[in-house]
Amino acid sequence: MTTEERITNSETRIFKAVFPNTTNHYDTLFGGTAMQLMDEVAFITATRFARKRVVTVSSDKIDFKKPIPAGTIVELIGKVTYVGKTSMKVNVEIYTEQMYSYEREKAIVGDFTFVAIDDFKKPIQIL
């Protein structure tokens, strides 16, 4: 399988409902909760691409473009954007959808870097 095919096949999409127990006093999703969800989707994407143990080594610029209110549906999309010898970058976007309309907006975008590791937690080649 080519690298491009692996990138396509590893794209990950997860949907979640935003409930009040995950929101702050402004009735919007906690930033930390959004980052946790993004890291989880990025991890799944990286694992599906490499089919090896991977760990998050950094999160790059995360842009909170729109607040995510309670009572909406969010879609998280993870895509591999760079593959190095032992590391890869995964871009994650969060879109909000109104539950009872077709309104959809990009709310948050960020990049995560992962490293593939062996049984001794040492970096190994991804490809």
# chains A, B, ... in the order shown; residues from 1 in each chain; ligands from 1
call {"tool": "closest_atom_pairs", "arguments": {"of": "stretch 88-124 of chain A", "to": "stretch 64-73 of chain A", "cutoff": "12 Å", "atoms": "only C-alpha atoms", "output": "tab-separated table"}}
result
residue	atom	partner	partner_atom	distance
A:Glu93	CA	A:Phe64	CA	10.2
A:Ile94	CA	A:Ile68	CA	9.4
A:Tyr95	CA	A:Ile73	CA	8.3
A:Thr96	CA	A:Ile73	CA	5.8
A:Glu97	CA	A:Ile73	CA	5.1
A:Gln98	CA	A:Thr72	CA	5.1
A:Met99	CA	A:Thr72	CA	5.6
A:Tyr100	CA	A:Thr72	CA	9.0
A:Ser101	CA	A:Thr72	CA	10.3
A:Tyr102	CA	A:Ile73	CA	11.1
A:Glu103	CA	A:Thr72	CA	10.3
A:Arg104	CA	A:Ile73	CA	9.4
A:Glu105	CA	A:Lys66	CA	8.1
A:Lys106	CA	A:Lys66	CA	7.3
A:Ala107	CA	A:Lys66	CA	4.5
A:Ile108	CA	A:Phe64	CA	4.6
A:Val109	CA	A:Phe64	CA	6.9
A:Gly110	CA	A:Phe64	CA	8.8
call {"tool": "residues_around", "arguments": {"residues": "A:Ser58", "least_positions_apart": "6", "cutoff": "9 Å", "atoms": "only C-alpha atoms", "output": "list in words"}}
result
Asp111, Phe112, Thr113 and Phe114 of chain A
call {"tool": "closest_residue", "arguments": {"among": "A:Phe49, A:Tyr26, A:Phe120, A:Phe43", "to": "A:Val83", "atoms": "only C-alpha atoms"}}
result
A:Phe49
call {"tool": "select_by_dssp", "arguments": {"residues": "chain A", "states": "helix (DSSP H, G or I)", "output": "NGL selection string"}}
result
:A and (3-10 or 20-22 or 31-50)
call {"tool": "closest_residue", "arguments": {"among": "A:Ile14, A:Thr86, A:Thr22, A:Thr81", "to": "A:Val55", "atoms": "only C-alpha atoms"}}
result
A:Thr86
call {"tool": "select_by_dssp", "arguments": {"residues": "chain A", "states": "strand (DSSP E or B)", "output": "PyMOL selection string"}}
result
chain A and resi 12-17+23+28-29+54-64+69+72-83+87-98+104-117+123
call {"tool": "closest_residue", "arguments": {"among": "A:Thr45, A:Gln36, A:Gln125, A:Asn24", "to": "A:Thr12", "atoms": "only C-alpha atoms"}}
result
A:Thr45
call {"tool": "closest_residue", "arguments": {"among": "A:Ile44, A:Ile117, A:Ile62, A:Glu75", "to": "A:Glu11", "atoms": "only C-alpha atoms"}}
result
A:Ile44
call {"tool": "atom_distance", "arguments": {"atom1": "atom CA of A:Leu37", "atom2": "atom CA of A:Gly84"}}
result
24.3 Å
call {"tool": "residues_around", "arguments": {"residues": "A:Asn9", "least_positions_apart": "5", "cutoff": "12 Å", "atoms": "only C-alpha atoms", "output": "list of chain:residue names"}}
result
A:Met1, A:Thr2, A:Thr3, A:Glu4, A:Ile44, A:Thr45, A:Ala46, A:Thr47, A:Arg48, A:Phe49, A:Ala50, A:Arg51, A:Gly78, A:Lys79, A:Val80
call {"tool": "write_last_selection", "arguments": {"atoms": "N, CA and C atoms", "output": "mmCIF file, in the first residue's frame"}}
result
data_model
loop_
_atom_site.group_PDB
_atom_site.id
_atom_site.type_symbol
_atom_site.label_atom_id
_atom_site.label_comp_id
_atom_site.auth_asym_id
_atom_site.auth_seq_id
_atom_site.Cartn_x
_atom_site.Cartn_y
_atom_site.Cartn_z
ATOM 1 N N MET A 1 0.842 -1.174 0.000
ATOM 2 C CA MET A 1 0.000 0.000 0.000
ATOM 3 C C MET A 1 0.893 1.245 0.000
ATOM 4 N N THR A 2 0.559 2.218 -0.830
ATOM 5 C CA THR A 2 1.370 3.433 -0.914
ATOM 6 C C THR A 2 1.111 4.332 0.293
ATOM 7 N N THR A 3 2.010 5.280 0.497
ATOM 8 C CA THR A 3 1.839 6.246 1.588
ATOM 9 C C THR A 3 0.543 7.024 1.406
ATOM 10 N N GLU A 4 0.246 7.435 0.178
ATOM 11 C CA GLU A 4 -0.978 8.187 -0.093
ATOM 12 C C GLU A 4 -2.227 7.363 0.234
ATOM 13 N N ILE A 44 -5.894 8.138 17.202
ATOM 14 C CA ILE A 44 -6.505 7.068 16.409
ATOM 15 C C ILE A 44 -6.041 7.160 14.959
ATOM 16 N N THR A 45 -6.007 8.374 14.426
ATOM 17 C CA THR A 45 -5.565 8.578 13.040
ATOM 18 C C THR A 45 -4.123 8.116 12.866
ATOM 19 N N ALA A 46 -3.239 8.540 13.775
ATOM 20 C CA ALA A 46 -1.820 8.170 13.699
ATOM 21 C C ALA A 46 -1.637 6.661 13.820
ATOM 22 N N THR A 47 -2.381 6.036 14.712
ATOM 23 C CA THR A 47 -2.293 4.584 14.899
ATOM 24 C C THR A 47 -2.789 3.852 13.654
ATOM 25 N N ARG A 48 -3.881 4.322 13.079
ATOM 26 C CA ARG A 48 -4.406 3.688 11.864
ATOM 27 C C ARG A 48 -3.427 3.833 10.706
ATOM 28 N N PHE A 49 -2.686 4.941 10.662
ATOM 29 C CA PHE A 49 -1.708 5.131 9.598
ATOM 30 C C PHE A 49 -0.492 4.226 9.814
ATOM 31 N N ALA A 50 0.101 4.304 11.002
ATOM 32 C CA ALA A 50 1.367 3.607 11.261
ATOM 33 C C ALA A 50 1.184 2.129 11.584
ATOM 34 N N ARG A 51 0.070 1.779 12.223
ATOM 35 C CA ARG A 51 -0.158 0.427 12.736
ATOM 36 C C ARG A 51 0.980 0.012 13.671
ATOM 37 N N GLY A 78 -9.672 13.764 11.604
ATOM 38 C CA GLY A 78 -8.220 13.666 11.699
ATOM 39 C C GLY A 78 -7.623 13.206 10.385
ATOM 40 N N LYS A 79 -6.566 13.912 9.944
ATOM 41 C CA LYS A 79 -5.889 13.555 8.691
ATOM 42 C C LYS A 79 -4.378 13.662 8.887
ATOM 43 N N VAL A 80 -3.645 12.678 8.401
ATOM 44 C CA VAL A 80 -2.183 12.742 8.413
ATOM 45 C C VAL A 80 -1.763 13.759 7.354
#
call {"tool": "closest_residue", "arguments": {"among": "A:Ala34, A:Val115, A:Val74, A:Val41", "to": "A:Val92", "atoms": "only C-alpha atoms"}}
result
A:Val41
call {"tool": "atom_distance", "arguments": {"atom1": "atom CA of A:Ala42", "atom2": "atom CA of A:Leu76"}}
result
9.4 Å
call {"tool": "decode", "arguments": {"residues": "stretch 59-74 of chain A", "atoms": "N, CA, C and O atoms", "output": "PDB file, in the first residue's frame"}}
result
ATOM      1  N   SER A  59       1.563  19.372  20.534  1.00  0.00           N
ATOM      2  CA  SER A  59       0.386  19.910  19.848  1.00  0.00           C
ATOM      3  C   SER A  59       0.798  21.306  19.408  1.00  0.00           C
ATOM      4  O   SER A  59       1.356  22.076  20.185  1.00  0.00           O
ATOM      5  N   ASP A  60       0.570  21.583  18.146  1.00  0.00           N
ATOM      6  CA  ASP A  60       0.949  22.874  17.590  1.00  0.00           C
ATOM      7  C   ASP A  60      -0.232  23.825  17.716  1.00  0.00           C
ATOM      8  O   ASP A  60      -1.224  23.513  18.360  1.00  0.00           O
ATOM      9  N   LYS A  61      -0.119  24.925  17.067  1.00  0.00           N
ATOM     10  CA  LYS A  61      -1.127  25.969  17.149  1.00  0.00           C
ATOM     11  C   LYS A  61      -2.541  25.399  17.032  1.00  0.00           C
ATOM     12  O   LYS A  61      -2.887  24.746  16.057  1.00  0.00           O
ATOM     13  N   ILE A  62      -3.346  25.666  18.048  1.00  0.00           N
ATOM     14  CA  ILE A  62      -4.746  25.258  18.035  1.00  0.00           C
ATOM     15  C   ILE A  62      -5.570  26.539  17.979  1.00  0.00           C
ATOM     16  O   ILE A  62      -5.476  27.377  18.871  1.00  0.00           O
ATOM     17  N   ASP A  63      -6.331  26.694  16.920  1.00  0.00           N
ATOM     18  CA  ASP A  63      -7.142  27.892  16.717  1.00  0.00           C
ATOM     19  C   ASP A  63      -8.584  27.614  17.094  1.00  0.00           C
ATOM     20  O   ASP A  63      -9.235  26.766  16.481  1.00  0.00           O
ATOM     21  N   PHE A  64      -9.054  28.342  18.087  1.00  0.00           N
ATOM     22  CA  PHE A  64     -10.451  28.280  18.495  1.00  0.00           C
ATOM     23  C   PHE A  64     -11.174  29.380  17.725  1.00  0.00           C
ATOM     24  O   PHE A  64     -11.201  30.532  18.144  1.00  0.00           O
ATOM     25  N   LYS A  65     -11.745  29.014  16.584  1.00  0.00           N
ATOM     26  CA  LYS A  65     -12.360  29.997  15.687  1.00  0.00           C
ATOM     27  C   LYS A  65     -13.777  30.371  16.111  1.00  0.00           C
ATOM     28  O   LYS A  65     -14.195  31.507  15.963  1.00  0.00           O
ATOM     29  N   LYS A  66     -14.533  29.419  16.609  1.00  0.00           N
ATOM     30  CA  LYS A  66     -15.930  29.634  17.001  1.00  0.00           C
ATOM     31  C   LYS A  66     -16.201  28.879  18.293  1.00  0.00           C
ATOM     32  O   LYS A  66     -15.706  27.763  18.476  1.00  0.00           O
ATOM     33  N   PRO A  67     -17.011  29.437  19.179  1.00  0.00           N
ATOM     34  CA  PRO A  67     -17.401  28.680  20.374  1.00  0.00           C
ATOM     35  C   PRO A  67     -18.324  27.523  19.976  1.00  0.00           C
ATOM     36  O   PRO A  67     -19.033  27.593  18.970  1.00  0.00           O
ATOM     37  N   ILE A  68     -18.285  26.475  20.772  1.00  0.00           N
ATOM     38  CA  ILE A  68     -19.113  25.295  20.508  1.00  0.00           C
ATOM     39  C   ILE A  68     -20.166  25.206  21.613  1.00  0.00           C
ATOM     40  O   ILE A  68     -19.858  24.822  22.736  1.00  0.00           O
ATOM     41  N   PRO A  69     -21.400  25.581  21.311  1.00  0.00           N
ATOM     42  CA  PRO A  69     -22.432  25.613  22.354  1.00  0.00           C
ATOM     43  C   PRO A  69     -22.955  24.228  22.720  1.00  0.00           C
ATOM     44  O   PRO A  69     -22.909  23.293  21.920  1.00  0.00           O
ATOM     45  N   ALA A  70     -23.465  24.146  23.944  1.00  0.00           N
ATOM     46  CA  ALA A  70     -24.153  22.920  24.372  1.00  0.00           C
ATOM     47  C   ALA A  70     -25.332  22.694  23.447  1.00  0.00           C
ATOM     48  O   ALA A  70     -25.897  23.632  22.886  1.00  0.00           O
ATOM     49  N   GLY A  71     -25.676  21.440  23.244  1.00  0.00           N
ATOM     50  CA  GLY A  71     -26.819  21.115  22.406  1.00  0.00           C
ATOM     51  C   GLY A  71     -26.497  21.055  20.928  1.00  0.00           C
ATOM     52  O   GLY A  71     -27.407  21.049  20.103  1.00  0.00           O
ATOM     53  N   THR A  72     -25.207  21.014  20.596  1.00  0.00           N
ATOM     54  CA  THR A  72     -24.826  20.855  19.192  1.00  0.00           C
ATOM     55  C   THR A  72     -24.140  19.502  19.017  1.00  0.00           C
ATOM     56  O   THR A  72     -23.790  18.831  19.977  1.00  0.00           O
ATOM     57  N   ILE A  73     -23.971  19.132  17.766  1.00  0.00           N
ATOM     58  CA  ILE A  73     -23.215  17.937  17.410  1.00  0.00           C
ATOM     59  C   ILE A  73     -21.882  18.414  16.871  1.00  0.00           C
ATOM     60  O   ILE A  73     -21.825  19.406  16.145  1.00  0.00           O
ATOM     61  N   VAL A  74     -20.806  17.729  17.245  1.00  0.00           N
ATOM     62  CA  VAL A  74     -19.504  18.063  16.680  1.00  0.00           C
ATOM     63  C   VAL A  74     -18.979  16.876  15.889  1.00  0.00           C
ATOM     64  O   VAL A  74     -19.207  15.722  16.251  1.00  0.00           O
TER      65      VAL A  74
END
